[in-house]
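To be precise, the following lines are data00.cif, and they hold mmCIF, C-alpha atoms and all ligand atoms.
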```
data_input
#
loop_
_atom_site.label_atom_id
_atom_site.label_comp_id
_atom_site.auth_asym_id
_atom_site.auth_seq_id
_atom_site.Cartn_x
_atom_site.Cartn_y
_atom_site.Cartn_z
CA MET A 27 90.62 69.38 168.05
CA ASN A 28 89.77 72.71 166.56
CA LEU A 29 92.17 75.41 167.60
CA ARG A 30 91.84 78.65 165.74
CA SER A 31 93.35 82.06 165.68
CA SER A 32 93.20 84.97 163.31
CA VAL A 33 94.77 88.26 162.27
CA ASP A 34 93.00 91.22 160.69
CA ILE A 35 94.84 92.52 157.64
CA ILE A 36 94.70 96.29 157.51
CA THR A 37 98.27 97.55 157.19
CA GLU A 38 101.31 96.07 155.51
CA TRP A 39 102.71 95.07 158.89
CA ASP A 40 99.67 92.89 159.56
CA ILE A 41 101.00 90.63 156.81
CA VAL A 42 104.05 90.05 158.97
CA ALA A 43 101.83 89.36 161.98
CA ALA A 44 99.78 86.78 160.02
CA ARG A 45 102.94 85.11 158.84
CA GLN A 46 104.31 84.97 162.36
CA LEU A 47 101.09 83.43 163.63
CA GLY A 48 101.20 80.88 160.83
CA ARG A 49 104.75 79.92 161.62
CA ASN A 50 103.95 79.43 165.30
CA GLU A 51 100.88 77.31 164.53
CA ALA A 52 102.84 75.26 161.98
CA LYS A 53 105.54 74.60 164.54
CA GLU A 54 102.93 73.58 167.09
CA VAL A 55 101.37 71.06 164.70
CA GLY A 56 104.84 69.62 164.14
CA PHE A 57 105.71 70.73 160.61
CA GLY A 58 109.40 70.74 159.66
CA THR A 59 111.31 73.80 158.46
CA VAL A 60 110.52 73.27 154.78
CA ASP A 61 106.77 72.98 155.35
CA GLN A 62 106.90 75.88 157.80
CA ALA A 63 108.44 77.98 155.04
CA ARG A 64 105.80 76.79 152.56
CA ILE A 65 102.95 77.66 154.92
CA THR A 66 104.36 81.07 155.90
CA THR A 67 105.00 81.95 152.28
CA ALA A 68 101.46 80.94 151.30
CA ILE A 69 100.03 83.08 154.11
CA SER A 70 102.22 85.95 153.01
CA GLU A 71 100.82 85.72 149.46
CA LEU A 72 97.19 85.53 150.56
CA ALA A 73 97.58 88.33 153.11
CA ARG A 74 99.32 90.59 150.62
CA ASN A 75 96.61 89.98 148.04
CA ILE A 76 94.04 91.06 150.61
CA TYR A 77 96.07 94.16 151.41
CA LEU A 78 96.58 95.03 147.74
CA TYR A 79 93.26 94.14 146.15
CA ALA A 80 90.63 94.20 148.89
CA GLY A 81 92.13 96.82 151.21
CA LYS A 82 91.29 94.84 154.30
CA GLY A 83 90.31 91.37 155.38
CA ASN A 84 91.23 88.54 157.67
CA ILE A 85 93.55 85.55 157.85
CA GLU A 86 92.32 82.69 159.98
CA ILE A 87 94.52 79.76 160.88
CA LYS A 88 93.07 76.51 162.17
CA GLN A 89 94.73 73.37 163.38
CA ILE A 90 92.68 70.52 161.95
CA ALA A 91 92.59 66.73 162.06
CA GLU A 92 91.09 64.02 159.91
CA GLY A 93 91.48 60.57 161.37
CA ASN A 94 95.17 60.27 162.17
CA LEU A 95 96.07 63.07 159.84
CA LYS A 96 96.94 66.45 161.32
CA GLY A 97 97.05 69.63 159.34
CA LEU A 98 96.77 73.37 159.14
CA LEU A 99 93.99 75.24 157.39
CA VAL A 100 94.48 78.82 156.26
CA ILE A 101 91.41 80.87 155.41
CA ALA A 102 91.90 84.26 153.78
CA SER A 103 88.69 86.23 153.51
CA ASP A 104 87.81 89.71 152.40
CA LYS A 105 84.83 91.77 151.31
CA GLY A 106 86.74 93.27 148.40
CA PRO A 107 85.92 93.45 144.68
CA GLY A 108 85.99 89.69 144.14
CA ILE A 109 87.71 87.90 141.26
CA PRO A 110 85.88 87.99 137.89
CA ASP A 111 87.82 85.17 136.20
CA VAL A 112 89.13 82.57 138.61
CA ARG A 113 90.72 80.47 135.87
CA LYS A 114 92.77 83.42 134.67
CA VAL A 115 94.20 84.36 138.08
CA MET A 116 95.37 80.77 138.48
CA GLU A 117 97.57 81.13 135.41
CA ASP A 118 101.25 81.74 136.11
CA GLY A 119 102.13 85.32 135.27
CA TYR A 120 98.62 86.77 135.31
CA THR A 121 98.60 90.01 137.26
CA THR A 122 96.58 93.20 137.32
CA SER A 123 99.08 95.06 139.49
CA GLY A 124 102.38 94.71 137.68
CA GLY A 125 103.46 91.96 140.06
CA LEU A 126 104.89 88.60 139.05
CA GLY A 127 101.46 87.01 138.95
CA ALA A 128 102.92 84.06 140.79
CA GLY A 129 101.05 84.39 144.09
CA LEU A 130 97.88 82.34 143.69
CA PRO A 131 99.26 79.56 141.47
CA GLY A 132 102.20 79.49 143.86
CA VAL A 133 99.97 79.06 146.92
CA LYS A 134 98.23 76.16 145.18
CA ARG A 135 101.58 74.42 144.68
CA LEU A 136 102.85 75.27 148.16
CA MET A 137 99.80 73.75 149.87
CA ASP A 138 97.99 70.40 149.51
CA GLU A 139 94.44 71.64 149.06
CA PHE A 140 93.30 74.93 147.62
CA LYS A 141 89.90 76.48 147.02
CA ILE A 142 88.66 79.89 145.88
CA ASP A 143 85.14 81.13 146.64
CA THR A 144 84.53 84.50 145.13
CA VAL A 145 81.63 86.68 144.10
CA VAL A 146 82.26 89.84 142.15
CA GLY A 147 81.29 92.83 144.24
CA GLU A 148 80.99 90.79 147.41
CA GLY A 149 84.39 89.42 148.21
CA THR A 150 86.75 86.49 148.17
CA THR A 151 87.46 83.58 150.47
CA ILE A 152 90.45 81.39 149.79
CA SER A 153 91.07 78.24 151.84
CA ALA A 154 94.30 76.29 151.70
CA THR A 155 95.31 73.22 153.69
CA LYS A 156 98.64 71.59 154.41
CA TRP A 157 98.70 68.05 155.81
CA LEU A 158 101.45 66.77 158.09
CA ARG A 159 103.07 63.65 156.66
CA MET B 19 90.82 128.28 194.73
CA ASN B 20 93.91 127.08 192.85
CA THR B 21 96.36 128.59 195.29
CA GLU B 22 94.34 127.21 198.15
CA ILE B 23 94.60 123.70 196.80
CA ALA B 24 98.27 124.17 195.99
CA THR B 25 99.02 125.34 199.50
CA TYR B 26 97.05 122.46 200.89
CA ILE B 27 98.91 119.91 198.77
CA ARG B 28 102.27 121.40 199.62
CA ASP B 29 101.58 121.38 203.35
CA ASN B 30 100.30 117.82 203.35
CA VAL B 31 102.32 116.36 200.55
CA GLU B 32 103.74 113.36 202.42
CA GLU B 33 100.38 112.26 203.71
CA ILE B 34 98.71 112.68 200.32
CA LEU B 35 101.41 110.80 198.48
CA GLU B 36 101.25 107.98 201.01
CA LYS B 37 97.49 107.64 200.56
CA TRP B 38 97.85 107.85 196.82
CA LYS B 39 100.50 105.16 196.80
CA ILE B 40 98.21 102.84 198.74
CA LYS B 41 95.42 103.49 196.27
CA MET B 42 97.71 102.74 193.37
CA GLU B 43 98.95 99.54 194.91
CA ASP B 44 95.35 98.36 194.89
CA GLU B 45 95.25 98.76 191.15
CA LYS B 46 95.28 95.57 189.14
CA ASP B 47 98.02 96.86 186.87
CA ASP B 48 100.55 97.01 189.68
CA ARG B 49 103.27 95.68 187.45
CA PHE B 50 105.31 98.79 187.89
CA PHE B 51 105.41 98.55 191.65
CA GLN B 52 106.97 95.15 191.24
CA ILE B 53 109.59 96.00 188.68
CA MET B 54 110.63 99.34 190.08
CA SER B 55 112.79 99.72 193.15
CA ASP B 56 111.26 101.43 196.19
CA GLN B 57 113.63 104.31 195.75
CA VAL B 58 112.63 104.94 192.15
CA ILE B 59 108.97 104.69 193.09
CA ASP B 60 109.49 107.18 195.86
CA ILE B 61 111.25 109.66 193.61
CA THR B 62 108.66 109.27 190.88
CA VAL B 63 105.78 109.64 193.27
CA HIS B 64 107.27 112.86 194.61
CA GLU B 65 107.89 114.14 191.12
CA PHE B 66 104.29 113.45 190.35
CA GLY B 67 103.24 115.46 193.38
CA GLU B 68 105.54 118.29 192.31
CA LEU B 69 103.96 118.20 188.91
CA MET B 70 100.48 118.48 190.39
CA ILE B 71 101.48 121.48 192.50
CA SER B 72 103.32 123.05 189.59
CA SER B 73 100.25 122.76 187.41
CA LEU B 74 98.36 124.94 189.87
CA THR B 75 100.94 127.57 190.66
CA GLU B 76 103.45 127.97 187.89
CA GLU B 77 103.44 129.62 184.52
CA ARG B 78 101.98 127.54 181.72
CA GLU B 79 105.35 127.23 179.99
CA THR B 80 107.23 126.07 183.06
CA TYR B 81 104.81 123.36 183.92
CA LYS B 82 104.49 122.29 180.31
CA MET B 83 108.21 121.66 180.35
CA LYS B 84 107.85 119.69 183.56
CA ILE B 85 105.07 117.59 182.03
CA ASN B 86 107.29 116.82 179.05
CA ASP B 87 110.18 115.78 181.25
CA PHE B 88 107.90 113.67 183.35
CA SER B 89 106.26 112.02 180.33
CA GLU B 90 109.60 111.19 178.83
CA LYS B 91 110.59 109.52 182.05
CA ILE B 92 107.45 107.44 182.42
CA VAL B 93 107.63 106.29 178.83
CA ARG B 94 111.13 105.13 179.54
CA TYR B 95 109.93 103.35 182.69
CA GLY B 96 107.36 101.61 180.51
CA TRP B 97 104.24 102.79 182.31
CA SER B 98 101.16 102.53 180.20
CA ILE B 99 99.19 105.68 179.46
CA SER B 100 96.05 104.23 181.02
CA PHE B 101 98.01 103.63 184.19
CA VAL B 102 99.24 107.21 184.27
CA LEU B 103 95.73 108.56 183.77
CA LYS B 104 94.50 106.30 186.52
CA ALA B 105 97.25 107.66 188.73
CA LEU B 106 96.10 111.14 187.96
CA SER B 107 92.48 110.48 188.78
CA ASN B 108 93.42 108.62 191.94
CA PHE B 109 95.53 111.55 192.98
CA THR B 110 92.61 113.89 192.50
CA GLU B 111 90.36 111.61 194.49
CA VAL B 112 92.79 111.48 197.40
CA ILE B 113 93.05 115.25 197.48
CA TYR B 114 89.33 115.70 197.26
CA GLU B 115 88.67 113.20 200.03
CA ARG B 116 91.26 114.80 202.27
CA MET B 117 90.03 118.30 201.59
CA GLU B 118 86.49 117.24 202.24
CA GLU B 119 87.55 115.68 205.52
CA VAL B 120 89.28 118.83 206.73
CA GLY B 121 86.40 120.99 205.56
CA TYR B 122 87.67 122.75 202.46
CA PHE B 123 84.61 121.45 200.69
CA LYS B 124 81.23 120.78 202.17
CA LYS B 125 80.45 117.08 202.41
CA GLY B 126 79.04 115.78 199.18
CA ASP B 127 79.71 119.04 197.36
CA LYS B 128 79.98 117.39 193.95
CA LEU B 129 79.83 120.69 192.15
CA SER B 130 83.09 121.90 193.59
CA PHE B 131 84.66 118.63 192.71
CA ALA B 132 83.42 118.83 189.14
CA GLU B 133 84.76 122.36 188.91
CA LEU B 134 88.08 121.25 190.28
CA TYR B 135 88.15 118.47 187.79
CA THR B 136 87.35 120.51 184.66
CA ASN B 137 89.67 123.36 185.55
CA TRP B 138 92.59 121.42 186.76
CA ILE B 139 92.62 117.75 185.86
CA THR B 140 91.17 117.77 182.37
CA PRO B 141 93.81 120.12 180.94
CA LEU B 142 96.41 118.14 182.78
CA ASN B 143 95.07 114.96 181.21
CA TYR B 144 95.35 116.48 177.76
CA SER B 145 98.88 117.68 178.36
CA ILE B 146 100.02 114.32 179.63
CA VAL B 147 98.40 112.37 176.80
CA ASP B 148 99.86 114.84 174.36
CA ALA B 149 103.36 114.72 175.78
CA TYR B 150 103.19 110.97 176.13
CA THR B 151 102.14 110.53 172.50
CA LYS B 152 104.89 112.85 171.33
CA VAL B 153 107.51 110.90 173.21
CA TRP B 154 106.17 107.66 171.76
CA GLU B 155 106.13 109.06 168.26
CA LYS B 156 109.69 110.21 168.69
CA THR B 157 110.73 106.77 169.94
CA VAL B 158 109.06 105.00 167.04
CA GLN B 159 110.58 107.46 164.58
CA LEU B 160 114.05 106.93 166.01
CA GLN B 161 113.65 103.18 165.89
CA LYS B 162 112.57 103.39 162.29
CA ILE B 163 115.68 105.37 161.47
CA ALA B 164 117.82 102.96 163.45
CA LEU B 165 116.31 100.06 161.52
CA GLN B 166 116.95 101.76 158.23
CA GLU B 167 120.52 102.53 159.15
CA LEU B 168 121.21 99.01 160.17
CA SER B 169 119.66 97.51 157.10
CA ALA B 170 120.84 97.39 153.56
CA SER B 171 124.29 98.87 153.25
CA LEU B 172 126.55 97.78 150.45
CA ILE B 173 129.91 96.63 151.75
CA PRO B 174 132.95 96.47 149.50
CA VAL B 175 134.77 93.23 150.33
CA PHE B 176 137.31 93.06 147.50
CA GLU B 177 138.15 95.36 144.68
CA LYS B 178 135.20 95.19 142.27
CA ILE B 179 133.19 92.97 144.62
CA SER B 180 130.56 94.22 147.09
CA VAL B 181 128.10 92.46 149.37
CA MET B 182 124.71 93.60 150.59
CA PRO B 183 123.49 91.49 153.51
CA LEU B 184 119.73 91.68 153.84
CA VAL B 185 118.40 91.06 157.32
CA GLY B 186 114.77 90.94 158.41
CA THR B 187 111.42 91.51 156.79
CA ILE B 188 111.37 93.42 153.54
CA ASP B 189 108.41 95.75 153.16
CA THR B 190 107.76 98.23 150.37
CA GLU B 191 109.63 101.01 152.12
CA ARG B 192 112.71 98.93 152.78
CA ALA B 193 112.68 97.54 149.27
CA LYS B 194 113.00 101.10 147.97
CA LEU B 195 115.87 101.79 150.33
CA ILE B 196 117.63 98.60 149.28
CA MET B 197 117.39 99.60 145.65
CA GLU B 198 118.73 103.10 146.32
CA ASN B 199 121.64 101.94 148.44
CA LEU B 200 122.47 99.21 145.99
CA LEU B 201 122.72 101.50 142.99
CA GLN B 202 124.54 104.26 144.84
CA GLY B 203 126.95 101.72 146.33
CA VAL B 204 127.70 100.04 143.01
CA VAL B 205 128.70 103.36 141.50
CA LYS B 206 130.59 104.55 144.56
CA HIS B 207 132.61 101.38 145.08
CA ARG B 208 133.01 100.70 141.35
CA ALA B 209 131.64 97.24 141.93
CA GLU B 210 131.53 94.80 139.04
CA VAL B 211 129.85 92.04 141.00
CA VAL B 212 127.28 92.56 143.73
CA LEU B 213 126.25 89.76 146.06
CA LEU B 214 122.79 90.06 147.59
CA ASP B 215 122.86 87.92 150.70
CA ILE B 216 119.38 86.79 151.77
CA THR B 217 120.47 84.51 154.62
CA GLY B 218 118.71 86.81 157.08
CA VAL B 219 115.44 87.22 155.20
CA PRO B 220 112.80 85.06 156.90
CA VAL B 221 110.32 84.77 154.01
CA VAL B 222 110.91 85.14 150.30
CA ASP B 223 107.49 85.60 148.73
CA THR B 224 106.61 86.92 145.29
CA MET B 225 106.89 90.52 146.40
CA VAL B 226 110.40 90.08 147.79
CA ALA B 227 111.40 88.06 144.72
CA HIS B 228 110.01 90.76 142.48
CA HIS B 229 112.03 93.43 144.25
CA ILE B 230 115.16 91.32 144.02
CA ILE B 231 114.65 90.79 140.30
CA GLN B 232 114.09 94.50 139.76
CA ALA B 233 117.18 95.34 141.80
CA ALA B 234 119.26 92.93 139.72
CA ASP B 235 117.97 94.48 136.50
CA ALA B 236 118.88 97.92 137.73
CA VAL B 237 122.34 96.77 138.77
CA ARG B 238 122.82 95.36 135.30
CA LEU B 239 121.88 98.71 133.82
CA VAL B 240 124.71 100.43 135.68
CA GLY B 241 127.10 97.84 134.32
CA ALA B 242 127.51 95.34 137.14
CA LYS B 243 126.36 91.81 137.78
CA CYS B 244 124.10 90.74 140.62
CA MET B 245 124.37 87.40 142.40
CA LEU B 246 121.88 86.00 144.87
CA VAL B 247 123.55 84.21 147.76
CA GLY B 248 122.54 82.71 151.09
CA ILE B 249 119.56 80.80 149.74
CA ARG B 250 118.58 78.39 152.49
CA PRO B 251 117.26 74.99 151.34
CA GLU B 252 113.68 75.68 152.44
CA ILE B 253 113.74 79.05 150.68
CA ALA B 254 115.00 77.39 147.49
CA GLN B 255 112.04 75.02 147.62
CA THR B 256 109.44 77.75 148.14
CA ILE B 257 110.95 79.84 145.33
CA VAL B 258 110.61 76.85 143.01
CA ALA B 259 107.03 76.21 144.12
CA LEU B 260 106.14 79.83 143.45
CA GLY B 261 107.44 79.29 139.94
CA ILE B 262 109.82 82.23 140.17
CA ASN B 263 112.35 82.32 137.42
CA LEU B 264 115.85 83.04 138.68
CA THR B 265 117.72 81.72 135.66
CA ASP B 266 119.09 85.20 135.01
CA PHE B 267 120.81 85.01 138.36
CA THR B 268 123.88 83.26 139.55
CA THR B 269 122.70 81.79 142.83
CA THR B 270 124.63 80.09 145.59
CA SER B 271 123.68 78.65 148.94
CA THR B 272 126.37 80.40 150.94
CA LEU B 273 128.08 83.76 150.87
CA GLN B 274 131.45 82.05 150.79
CA ARG B 275 130.68 80.22 147.56
CA GLY B 276 129.32 83.43 146.15
CA VAL B 277 132.55 85.29 146.89
CA GLU B 278 134.56 82.52 145.24
CA GLN B 279 132.44 82.75 142.12
CA ALA B 280 132.59 86.51 142.10
CA LEU B 281 136.39 86.32 142.23
CA ALA B 282 136.37 83.85 139.35
CA LEU B 283 134.14 86.21 137.37
CA THR B 284 136.68 88.97 137.85
CA ASN B 285 139.54 86.63 136.95
CA ARG B 286 140.87 86.14 140.42
CA ALA B 287 141.06 83.40 143.00
CA ILE B 288 142.04 82.88 146.59
CA VAL B 289 145.03 80.55 146.83
CA GLU B 290 146.68 79.03 149.83
CA VAL B 291 150.22 80.20 150.32
CA ASN B 292 152.76 77.61 151.23
CA SER B 293 154.45 79.02 154.27
CA LYS B 294 157.66 76.99 153.97
N1 LIG A 301 91.63 88.86 147.39
C1 LIG A 301 91.54 89.27 146.10
N2 LIG A 301 90.53 90.08 145.72
C2 LIG A 301 90.45 90.52 144.44
N3 LIG A 301 91.32 90.20 143.47
C3 LIG A 301 92.35 89.39 143.78
C4 LIG A 301 92.52 88.89 145.11
N4 LIG A 301 93.63 88.12 145.13
C5 LIG A 301 94.12 88.14 143.87
N5 LIG A 301 93.37 88.89 143.07
C6 LIG A 301 93.59 89.11 141.60
O1 LIG A 301 94.30 88.01 141.11
C7 LIG A 301 95.48 88.42 140.44
C8 LIG A 301 96.54 87.38 140.57
O2 LIG A 301 96.96 87.28 141.95
P1 LIG A 301 98.39 86.72 142.28
O3 LIG A 301 98.60 86.78 143.74
O4 LIG A 301 98.52 85.38 141.64
O5 LIG A 301 99.39 87.69 141.53
P2 LIG A 301 99.73 89.20 141.88
O6 LIG A 301 99.28 89.53 143.23
O7 LIG A 301 99.22 90.07 140.77
O8 LIG A 301 101.33 89.23 141.83
P3 LIG A 301 102.31 88.49 142.88
O9 LIG A 301 101.45 87.79 143.88
O10 LIG A 301 103.13 87.54 142.07
O11 LIG A 301 103.14 89.56 143.48
C9 LIG A 301 95.81 89.76 141.04
O12 LIG A 301 96.58 90.56 140.16
C10 LIG A 301 94.43 90.34 141.32
O13 LIG A 301 93.90 90.95 140.16
MG MG A 302 99.71 88.29 144.90
#
```
Can the structure in the file be given as structure tokens, please?
Ligand SMILES: Nc1ncnc2c1ncn2[C@@H]1O[C@H](COP(=O)(O)OP(=O)(O)OP(=O)(O)O)[C@@H](O)[C@H]1O
Ligand SMILES: [Mg+2]
Amino acid sequence: MNLRSSVDIITEWDIVAARQLGRNEAKEVGFGTVDQARITTAISELARNIYLYAGKGNIEIKQIAEGNLKGLLVIASDKGPGIPDVRKVMEDGYTTSGGLGAGLPGVKRLMDEFKIDTVVGEGTTISATKWLR
Amino acid sequence: MNTEIATYIRDNVEEILEKWKIKMEDEKDDRFFQIMSDQVIDITVHEFGELMISSLTEERETYKMKINDFSEKIVRYGWSISFVLKALSNFTEVIYERMEEVGYFKKGDKLSFAELYTNWITPLNYSIVDAYTKVWEKTVQLQKIALQELSASLIPVFEKISVMPLVGTIDTERAKLIMENLLQGVVKHRAEVVLLDITGVPVVDTMVAHHIIQAADAVRLVGAKCMLVGIRPEIAQTIVALGINLTDFTTTSTLQRGVEQALALTNRAIVEVNSK
């Protein structure tokens, strides 16, 4: 099983579209309301970061399986400026935009697995997985 | 040549429209033939024919007005622009074929056809696309206004207590509006306690939380207190996971509880009256 779908993030309203897609996929996998909210919120954070810091990018959502375990993988990728200090952005309250600085550490707590691949000047890819229990 | 074509169309309008209708029914996107009643189709088809004749014979202004009316109508009917343009080019084809058959053009006289097309259809295309876009823009604009009107008004429920129910997605633009209405409303209604009801907000992410916190700070500055109510259980959990600090807020799960607390804060309570 490897169902995938994606949304390009260009305008602020694309964030809503990505969220909507995430919610539908989460429902399809069988996640309950709390996990649906966690997944949609995580997508919202990642999509908004793309919109704010990279200008444009893409949110891909994949239904995945490992043995009996089903899950949802969210991949947020952009060709923006990249993140110079990954450890710093994972600190609660660190922000370069006057935000709350809660987005990335929040996504890590909302999801089960979390990974940042970033190269300064080339872009950022963030993958986050939620497993159905 | 224009008057010639116009006369020809007018004299043979029924036949042309019939042929054109058949051509259009062959189109893949025949959705509109299914959802529209025969009568409406008939009227619209005739109007279209009128429009074509008008574009050849009438003053620019008159037919521009007709194109606008027509565009408004087809937007309302939900025709797609590509479908309308297809209709236009099909119409031209029918006319050309008929005129060729009866000898207005020599067989295979592509040049005349090209001339006909550039002088007549291309400007018509532009006008229709233009009018169509304008109507769409107007519709979107109106919907935007409608959305703004329906969202974020501060409602006085008791003396000193007001509620702002938030419904739907909060984007940057709406967040600004919420802030404005909130502050204006607090002053206008002399509110001491404001309840922000987020029951209808589908996702509370850091941006929404940030706006709520800023709104509460601003409300405090004008001398009132802000409460956050209608926090659904799943929203409470995501707020906690995001690590958002709401300790400065009084928060309740339902609006009802919020109102009770707001009354308590203003030294009042709702009591049951014994009717005996
Ligand atoms: N895709 C990205 N490309 C480049 N920089 C990024 C990207 N995503 C995040 N960052 C950087 O990481 C910082 C922390 O991001 P995070 O989402 O945690 O907080 P924030 O966006 O500043 O505020 P909040 O999300 O709480 O509204 C950002 O301020 C930004 O500098
Ligand atoms: Mg962020």
Discussion item. Give me, as a list of chain:residue names, the residues of chain A touching chain B, with the criterion being at most 7 Å (counting only C-alpha atoms).
Written reply: A:Thr59, A:Val60, A:Ala63, A:Arg64, A:Thr67, A:Ser70, A:Glu71, A:Leu126, A:Ala128, A:Gly129, A:Gly132, A:Arg135, A:Leu136
For segment 147-158 of chain B, take all atoms listed in the file, fit an axis-aligned box around them, add 6 Å to each of the six sides, then output centre and edge lengths in Å rounded to one decimal, as lines of an AutoDock Vina configuration file.
```
center_x = 104.6
center_y = 109.9
center_z = 171.9
size_x = 24.3
size_y = 21.8
size_z = 21.8
```
Practice prompt. Find the distance between atom CA of Ala80 of chain A and atom CA of Lys162 of chain B and write it in Å to one decimal.
Written response: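 Separation of atom CA of Ala80 of chain A and atom CA of Lys162 of chain B: 27.3 Å.
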Determine, for each residue of chain A having at least one atom at most 10 Å from an atom of ligand MG 302 (chain A), the closest pair of atoms and their separation in Å to one decimal, counting all atoms listed in the file; order by chain and ascending number, as JSON lines.
```
{"residue": "A:Ala68", "atom": "CA", "partner": "A:MG302", "partner_atom": "MG", "distance": 9.9}
{"residue": "A:Ser70", "atom": "CA", "partner": "A:MG302", "partner_atom": "MG", "distance": 8.8}
{"residue": "A:Glu71", "atom": "CA", "partner": "A:MG302", "partner_atom": "MG", "distance": 5.4}
{"residue": "A:Leu72", "atom": "CA", "partner": "A:MG302", "partner_atom": "MG", "distance": 6.8}
{"residue": "A:Ala73", "atom": "CA", "partner": "A:MG302", "partner_atom": "MG", "distance": 8.5}
{"residue": "A:Arg74", "atom": "CA", "partner": "A:MG302", "partner_atom": "MG", "distance": 6.2}
{"residue": "A:Asn75", "atom": "CA", "partner": "A:MG302", "partner_atom": "MG", "distance": 4.7}
{"residue": "A:Ile76", "atom": "CA", "partner": "A:MG302", "partner_atom": "MG", "distance": 8.5}
{"residue": "A:Tyr77", "atom": "CA", "partner": "A:MG302", "partner_atom": "MG", "distance": 9.5}
{"residue": "A:Leu78", "atom": "CA", "partner": "A:MG302", "partner_atom": "MG", "distance": 8.0}
{"residue": "A:Tyr79", "atom": "CA", "partner": "A:MG302", "partner_atom": "MG", "distance": 8.8}
{"residue": "A:Val115", "atom": "CA", "partner": "A:MG302", "partner_atom": "MG", "distance": 9.6}
{"residue": "A:Tyr120", "atom": "CA", "partner": "A:MG302", "partner_atom": "MG", "distance": 9.8}
{"residue": "A:Thr121", "atom": "CA", "partner": "A:MG302", "partner_atom": "MG", "distance": 7.9}
{"residue": "A:Thr122", "atom": "CA", "partner": "A:MG302", "partner_atom": "MG", "distance": 9.6}
{"residue": "A:Ser123", "atom": "CA", "partner": "A:MG302", "partner_atom": "MG", "distance": 8.7}
{"residue": "A:Gly125", "atom": "CA", "partner": "A:MG302", "partner_atom": "MG", "distance": 7.1}
{"residue": "A:Leu126", "atom": "CA", "partner": "A:MG302", "partner_atom": "MG", "distance": 7.8}
{"residue": "A:Gly127", "atom": "CA", "partner": "A:MG302", "partner_atom": "MG", "distance": 6.3}
{"residue": "A:Ala128", "atom": "CA", "partner": "A:MG302", "partner_atom": "MG", "distance": 6.7}
{"residue": "A:Gly129", "atom": "CA", "partner": "A:MG302", "partner_atom": "MG", "distance": 4.2}
{"residue": "A:Leu130", "atom": "CA", "partner": "A:MG302", "partner_atom": "MG", "distance": 6.3}
{"residue": "A:Pro131", "atom": "CA", "partner": "A:MG302", "partner_atom": "MG", "distance": 9.4}
{"residue": "A:Gly132", "atom": "CA", "partner": "A:MG302", "partner_atom": "MG", "distance": 9.2}
{"residue": "A:Val133", "atom": "CA", "partner": "A:MG302", "partner_atom": "MG", "distance": 9.5}
```
Discussion item. So the first atom is atom CA of Ser153 of chain A and the second is atom CA of Lys141 of chain A; what is the distance between them in Å, to one decimal place?
Written reply: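 So the answer is 5.3 Å.
Atom pair atom CA of Ile40 of chain B / atom CA of Glu76 of chain B has a distance of 27.9 Å (rounded to one decimal).
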So that I can check the surroundings of Asp138 of chain A, please list as a PDB file with C-alpha atoms, in the frame of the given file every protein, DNA and RNA residue that reaches within 8 Å of it, counting only C-alpha atoms and ignoring chain neighbours fewer than 3 positions away.
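Done, and the output landed in part-v1.pdb:
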```pdb
ATOM      1  CA  LYS A 134      98.230  76.160 145.180  1.00  0.00           C
ATOM      2  CA  ARG A 135     101.580  74.420 144.680  1.00  0.00           C
ATOM      3  CA  ALA A 154      94.300  76.290 151.700  1.00  0.00           C
ATOM      4  CA  THR A 155      95.310  73.220 153.690  1.00  0.00           C
ATOM      5  CA  LYS A 156      98.640  71.590 154.410  1.00  0.00           C
ATOM      6  CA  TRP A 157      98.700  68.050 155.810  1.00  0.00           C
TER       7      TRP A 157
END
```
Practice prompt. Excluding Gln46 of chain A and residues on its chain fewer than 5 positions from it, collect all residues at most 9 Å away from it, counting all atoms listed in the file, and give them as a list in words.
Written response: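 In the requested format, the answer is Ile41, Glu51 and Thr66 of chain A.
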Residue subset to file, keeping C-alpha atoms, as a short mmCIF file (atom, residue, chain, number, x, y, z; two decimals), in the coordinates of the input:
```
data_model
loop_
_atom_site.label_atom_id
_atom_site.label_comp_id
_atom_site.auth_asym_id
_atom_site.auth_seq_id
_atom_site.Cartn_x
_atom_site.Cartn_y
_atom_site.Cartn_z
CA ILE A 41 101.00 90.63 156.81
CA GLU A 51 100.88 77.31 164.53
CA THR A 66 104.36 81.07 155.90
#
```
Write out as a compact mmCIF listing (two decimals) with C-alpha atoms, in the frame of the given file which residues come within 10 Å of segment 78-81 of chain B when counting all atoms listed in the file, dropping same-chain ones fewer than 6 positions away.
```
# COMPACT_ATOMS: atom_id res chain seq x y z
CA GLU B 68 105.54 118.29 192.31
CA LEU B 69 103.96 118.20 188.91
CA MET B 70 100.48 118.48 190.39
CA ILE B 71 101.48 121.48 192.50
CA SER B 72 103.32 123.05 189.59
CA ASP B 87 110.18 115.78 181.25
CA LEU B 142 96.41 118.14 182.78
CA SER B 145 98.88 117.68 178.36
```
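Residue nearest ligand LIG 301 (chain A), chosen from A:Lys88, A:Arg45, A:Arg159, A:Lys82 and counting all atoms listed in the file: A:Lys82.
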Worksheet item: Looking at B:Leu201, B:Val158, B:Asn30, B:Val226, which one is nearest to ligand LIG 301 (chain A), with distances taken over only C-alpha atoms and all ligand atoms?
Response: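 Among B:Leu201, B:Val158, B:Asn30, B:Val226, it is B:Val226 that comes nearest to ligand LIG 301 (chain A).
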Worksheet item: Which is closest to Ala242 of chain B among B:Ser180, B:Thr265, B:Gln274, B:Gln279, if we use all atoms listed in the file?
Response: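 Distance minimum relative to Ala242 of chain B lands on B:Ser180.
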Worksheet item: For Asn86 of chain B, which of B:Val31, B:Val153, B:Leu103, B:Leu160 is the closest residue, counting only C-alpha atoms?
Response: B:Val153
